[in-house]
Amino acid sequence: MTDDGIYRLSQLDELEAESIHIFREVAAEFEKPVLMFSGGKDSIVMLRLAEKAFYPAKVPFPVLQVDTGYDFPEVLATRDRWVERLGLRLHVASVEQAIKDGIVVDDGKTPRNRLQIGTLLNAIEEEGYTAAFGGGRRDEEKARAKERVYSHRDEFGQWDPKNQRPELWSLYNGRIHEGEHMRVFPLSNWTELDVWDYIRREAIDIPSIYYAHQRRVFERNGMLFSESEYNPLRDGETVTERQVRFRTVGDLTLTGCLESDADDLDKIIEEVAASRITERGATRGDDKFSEAAMEDRKKEGYF
């Protein structure tokens with residue numbers, strides 16, 4: 001309450017209220033929603049919002065992880081803690097299993113991050129999910145900045161950025177036909193800094209690799225990557241131990257880290273506030289293949 005007697009919400013409260021409204025709208029409108037949950041900071045914040053949206057009842061839909069087989073162990077451990085605490089049904093769509101089943105083809109050149117597309121679309125079709133919550137934010141990347149909150153996918157799971165539905169006055173059109181589904185982005189209007197402010201305010205459990213720690217890394221294409229059996233060194237590359245942290249998490253063969261001494265939330269927030277490049281632009285190798293790499297993947301059915 002302000003001095004003039006007007007009740008005003010803080011920026012975080014407004015964003016939280018908008019996201020909770022979106023969760024409730026989807027739960028009321030769609031027959032079988034699912035929340036795409038990687039165990040990263042955005043999907044964790046999304047799950048925390050879903051928890052609040054339906055409290056004291058349980059979250060009324062399962063969570064879906066598309067597992068490349070190259071995920072950070074710290075991220076998987078955090079995922080399991082959240083699933084256990086909230087009593088959720090976890091649906092793991094494995095890229096490795098999809099390769100074995102012939103759903104996607106591993107040609108030895110295509111990164112597993114891209115093989116997630118066919119794996120995800122197959123999981124959505126098999127389970128009959130009609131809406132899938134994603135943690136994408138408009139400030140992350142150019143293609144995601146084009147995305148609506150309700151993002152229609154056709155019967156092939158594809159997205160047409162030139163044919164999106166208007167969302168005037170935050171009114172959402174969830175009409176779909178047989179075989180189609182909707183991607184829904186409750187964090188669309190959040191920024192990376194908003195996410196970190198919310199994590200601090202809510203004391204949210206996140207993977208330890210978001211904080212500064214010692215790690216054996218090597219440099220490739222201007223980024224630092226983790227030493228791993230899945231990341232064989234190339235000619236001229238050497239491993240050194242440095243103090244680093246991750247701004248985003250994903251396939252460890254494509255997700256870089258940065259040197260940092262930000263070992264608590266206050267330091268992370270200070271670091272993010274001073275940054276002039278998004279977390280995907282700074283540390284995601286899968287977005288550097290071409291100027292339109294993310295948009296191309298999204299058109300095919302990526303998150």
# chains A, B, ... in the order shown; residues from 1 in each chain; ligands from 1

call {"tool": "residues_around", "arguments": {"residues": "Arg242 (chain A)", "least_positions_apart": "3", "cutoff": "9 Å", "atoms": "only C-alpha atoms", "output": "ChimeraX atom specification"}}
result
/A:213-217,259

call {"tool": "select_by_dssp", "arguments": {"residues": "region 134-263 of chain A", "states": "helix (DSSP H, G or I)", "output": "ChimeraX atom specification"}}
result
/A:142-145,168-170,192-202,208-210

call {"tool": "closest_residue", "arguments": {"among": "A:Trp196, A:Tyr150, A:Trp82, A:Tyr129", "to": "Pro166 (chain A)", "atoms": "only C-alpha atoms"}}
result
A:Tyr150

call {"tool": "closest_residue", "arguments": {"among": "A:Leu64, A:Ala17, A:Ala77, A:Val239", "to": "Ser43 (chain A)", "atoms": "only C-alpha atoms"}}
result
A:Leu64

call {"tool": "closest_atom_pairs", "arguments": {"of": "region 23-56 of chain A", "to": "region 197-208 of chain A", "cutoff": "9 Å", "atoms": "only C-alpha atoms", "output": "JSON lines"}}
result
{"residue": "A:Gly39", "atom": "CA", "partner": "A:Pro207", "partner_atom": "CA", "distance": 7.6}
{"residue": "A:Gly40", "atom": "CA", "partner": "A:Pro207", "partner_atom": "CA", "distance": 7.2}
{"residue": "A:Lys41", "atom": "CA", "partner": "A:Ile206", "partner_atom": "CA", "distance": 6.3}
{"residue": "A:Ile44", "atom": "CA", "partner": "A:Ile206", "partner_atom": "CA", "distance": 7.3}
{"residue": "A:Val45", "atom": "CA", "partner": "A:Ile199", "partner_atom": "CA", "distance": 7.1}
{"residue": "A:Arg48", "atom": "CA", "partner": "A:Ile204", "partner_atom": "CA", "distance": 8.0}

call {"tool": "atom_distance", "arguments": {"atom1": "CA of Glu147 (chain A)", "atom2": "CA of Asp194 (chain A)"}}
result
18.7 Å

call {"tool": "select_by_dssp", "arguments": {"residues": "region 81-152 of chain A", "states": "strand (DSSP E)", "output": "PyMOL selection string"}}
result
chain A and resi 90-94+131-133+150-152

call {"tool": "write_last_selection", "arguments": {"atoms": "C-alpha atoms", "output": "mmCIF file, in the first residue's frame"}}
result
data_model
loop_
_atom_site.group_PDB
_atom_site.id
_atom_site.type_symbol
_atom_site.label_atom_id
_atom_site.label_comp_id
_atom_site.auth_asym_id
_atom_site.auth_seq_id
_atom_site.Cartn_x
_atom_site.Cartn_y
_atom_site.Cartn_z
ATOM 1 C CA LEU A 90 8.301 -37.600 -14.426
ATOM 2 C CA HIS A 91 8.229 -38.601 -18.092
ATOM 3 C CA VAL A 92 11.772 -38.940 -19.458
ATOM 4 C CA ALA A 93 12.001 -38.978 -23.253
ATOM 5 C CA SER A 94 15.454 -40.402 -23.975
ATOM 6 C CA ALA A 131 -0.226 -28.276 -24.357
ATOM 7 C CA ALA A 132 3.420 -28.165 -23.291
ATOM 8 C CA PHE A 133 4.752 -25.471 -20.959
ATOM 9 C CA TYR A 150 0.403 -19.410 -26.598
ATOM 10 C CA SER A 151 2.419 -20.747 -29.522
ATOM 11 C CA HIS A 152 0.468 -22.965 -31.905
#

call {"tool": "closest_residue", "arguments": {"among": "A:Ile103, A:Leu168, A:Ala274, A:Val63", "to": "Glu84 (chain A)", "atoms": "only C-alpha atoms"}}
result
A:Val63

call {"tool": "atom_distance", "arguments": {"atom1": "CA of Arg89 (chain A)", "atom2": "CA of Arg24 (chain A)"}}
result
18.9 Å

call {"tool": "decode", "arguments": {"residues": "region 206-219 of chain A", "atoms": "all heavy atoms", "output": "tab-separated table (two decimals), in the first residue's frame"}}
result
chain	number	residue	atom	x	y	z
A	206	ILE	N	18.36	-24.70	-6.76
A	206	ILE	CA	18.84	-24.78	-8.14
A	206	ILE	C	20.12	-25.61	-8.18
A	206	ILE	O	20.77	-25.82	-7.16
A	206	ILE	CB	19.10	-23.39	-8.75
A	206	ILE	CG1	20.14	-22.63	-7.91
A	206	ILE	CG2	17.81	-22.60	-8.88
A	206	ILE	CD1	20.58	-21.32	-8.52
A	207	PRO	N	20.53	-26.09	-9.36
A	207	PRO	CA	21.77	-26.87	-9.46
A	207	PRO	C	22.99	-26.07	-9.00
A	207	PRO	O	23.11	-24.87	-9.26
A	207	PRO	CB	21.86	-27.19	-10.95
A	207	PRO	CG	20.44	-27.16	-11.43
A	207	PRO	CD	19.80	-26.07	-10.64
A	208	SER	N	23.91	-26.76	-8.35
A	208	SER	CA	25.09	-26.10	-7.78
A	208	SER	C	25.99	-25.48	-8.84
A	208	SER	O	26.76	-24.56	-8.54
A	208	SER	CB	25.88	-27.11	-6.95
A	208	SER	OG	26.30	-28.21	-7.76
A	209	ILE	N	25.91	-25.96	-10.08
A	209	ILE	CA	26.83	-25.46	-11.11
A	209	ILE	C	26.50	-24.04	-11.57
A	209	ILE	O	27.28	-23.44	-12.31
A	209	ILE	CB	26.91	-26.40	-12.33
A	209	ILE	CG1	25.55	-26.57	-13.00
A	209	ILE	CG2	27.47	-27.75	-11.93
A	209	ILE	CD1	25.62	-27.39	-14.29
A	210	TYR	N	25.38	-23.49	-11.11
A	210	TYR	CA	25.10	-22.08	-11.38
A	210	TYR	C	25.98	-21.16	-10.53
A	210	TYR	O	26.11	-19.97	-10.83
A	210	TYR	CB	23.64	-21.75	-11.10
A	210	TYR	CG	22.69	-22.17	-12.21
A	210	TYR	CD1	21.74	-23.15	-12.01
A	210	TYR	CD2	22.74	-21.55	-13.46
A	210	TYR	CE1	20.86	-23.52	-13.02
A	210	TYR	CE2	21.87	-21.91	-14.48
A	210	TYR	CZ	20.93	-22.89	-14.25
A	210	TYR	OH	20.06	-23.26	-15.26
A	211	TYR	N	26.56	-21.71	-9.45
A	211	TYR	CA	27.43	-20.93	-8.58
A	211	TYR	C	28.90	-21.18	-8.94
A	211	TYR	O	29.25	-22.26	-9.46
A	211	TYR	CB	27.21	-21.34	-7.12
A	211	TYR	CG	25.80	-21.12	-6.63
A	211	TYR	CD1	24.90	-22.19	-6.55
A	211	TYR	CD2	25.36	-19.86	-6.24
A	211	TYR	CE1	23.60	-22.00	-6.09
A	211	TYR	CE2	24.06	-19.66	-5.79
A	211	TYR	CZ	23.18	-20.73	-5.72
A	211	TYR	OH	21.90	-20.54	-5.28
A	212	ALA	N	29.75	-20.22	-8.68
A	212	ALA	CA	31.17	-20.34	-8.99
A	212	ALA	C	31.78	-21.54	-8.26
A	212	ALA	O	31.54	-21.75	-7.07
A	212	ALA	CB	31.90	-19.06	-8.62
A	213	HIS	N	32.58	-22.32	-9.00
A	213	HIS	CA	33.21	-23.51	-8.45
A	213	HIS	C	34.43	-23.85	-9.30
A	213	HIS	O	34.59	-23.35	-10.41
A	213	HIS	CB	32.24	-24.70	-8.45
A	213	HIS	CG	31.73	-25.05	-9.82
A	213	HIS	ND1	30.75	-24.31	-10.47
A	213	HIS	CD2	32.06	-26.06	-10.68
A	213	HIS	CE1	30.50	-24.84	-11.66
A	213	HIS	NE2	31.29	-25.89	-11.81
A	214	GLN	N	35.29	-24.69	-8.78
A	214	GLN	CA	36.46	-25.13	-9.53
A	214	GLN	C	36.06	-26.24	-10.49
A	214	GLN	O	35.37	-27.18	-10.12
A	214	GLN	CB	37.55	-25.62	-8.57
A	214	GLN	CG	38.17	-24.53	-7.70
A	214	GLN	CD	38.95	-23.50	-8.51
A	214	GLN	OE1	39.69	-23.85	-9.43
A	214	GLN	NE2	38.77	-22.23	-8.16
A	215	ARG	N	36.53	-26.15	-11.75
A	215	ARG	CA	36.16	-27.15	-12.75
A	215	ARG	C	37.28	-27.26	-13.79
A	215	ARG	O	37.90	-26.26	-14.16
A	215	ARG	CB	34.85	-26.76	-13.42
A	215	ARG	CG	34.36	-27.74	-14.51
A	215	ARG	CD	32.97	-27.35	-15.00
A	215	ARG	NE	31.96	-27.62	-14.00
A	215	ARG	CZ	31.17	-28.70	-13.98
A	215	ARG	NH1	31.30	-29.61	-14.92
A	215	ARG	NH2	30.28	-28.85	-13.04
A	216	ARG	N	37.49	-28.47	-14.26
A	216	ARG	CA	38.45	-28.70	-15.34
A	216	ARG	C	37.76	-28.40	-16.68
A	216	ARG	O	36.74	-29.02	-17.01
A	216	ARG	CB	38.96	-30.13	-15.30
A	216	ARG	CG	39.89	-30.39	-14.12
A	216	ARG	CD	40.28	-31.85	-14.00
A	216	ARG	NE	40.95	-32.36	-15.19
A	216	ARG	CZ	42.24	-32.21	-15.46
A	216	ARG	NH1	43.02	-31.54	-14.62
A	216	ARG	NH2	42.78	-32.73	-16.57
A	217	VAL	N	38.32	-27.43	-17.41
A	217	VAL	CA	37.69	-26.94	-18.63
A	217	VAL	C	38.72	-26.79	-19.74
A	217	VAL	O	39.93	-26.79	-19.49
A	217	VAL	CB	36.98	-25.58	-18.39
A	217	VAL	CG1	35.86	-25.71	-17.37
A	217	VAL	CG2	38.00	-24.52	-17.94
A	218	PHE	N	38.22	-26.65	-20.97
A	218	PHE	CA	39.09	-26.35	-22.10
A	218	PHE	C	38.37	-25.32	-22.97
A	218	PHE	O	37.15	-25.16	-22.90
A	218	PHE	CB	39.41	-27.61	-22.90
A	218	PHE	CG	38.20	-28.28	-23.50
A	218	PHE	CD1	37.76	-27.96	-24.78
A	218	PHE	CD2	37.49	-29.24	-22.77
A	218	PHE	CE1	36.64	-28.57	-25.33
A	218	PHE	CE2	36.39	-29.86	-23.32
A	218	PHE	CZ	35.95	-29.54	-24.58
A	219	GLU	N	39.13	-24.61	-23.77
A	219	GLU	CA	38.56	-23.54	-24.61
A	219	GLU	C	38.33	-24.05	-26.02
A	219	GLU	O	39.18	-24.72	-26.61
A	219	GLU	CB	39.50	-22.33	-24.63
A	219	GLU	CG	38.89	-21.13	-25.32
A	219	GLU	CD	39.69	-19.86	-25.12
A	219	GLU	OE1	40.55	-19.83	-24.22
A	219	GLU	OE2	39.45	-18.90	-25.89
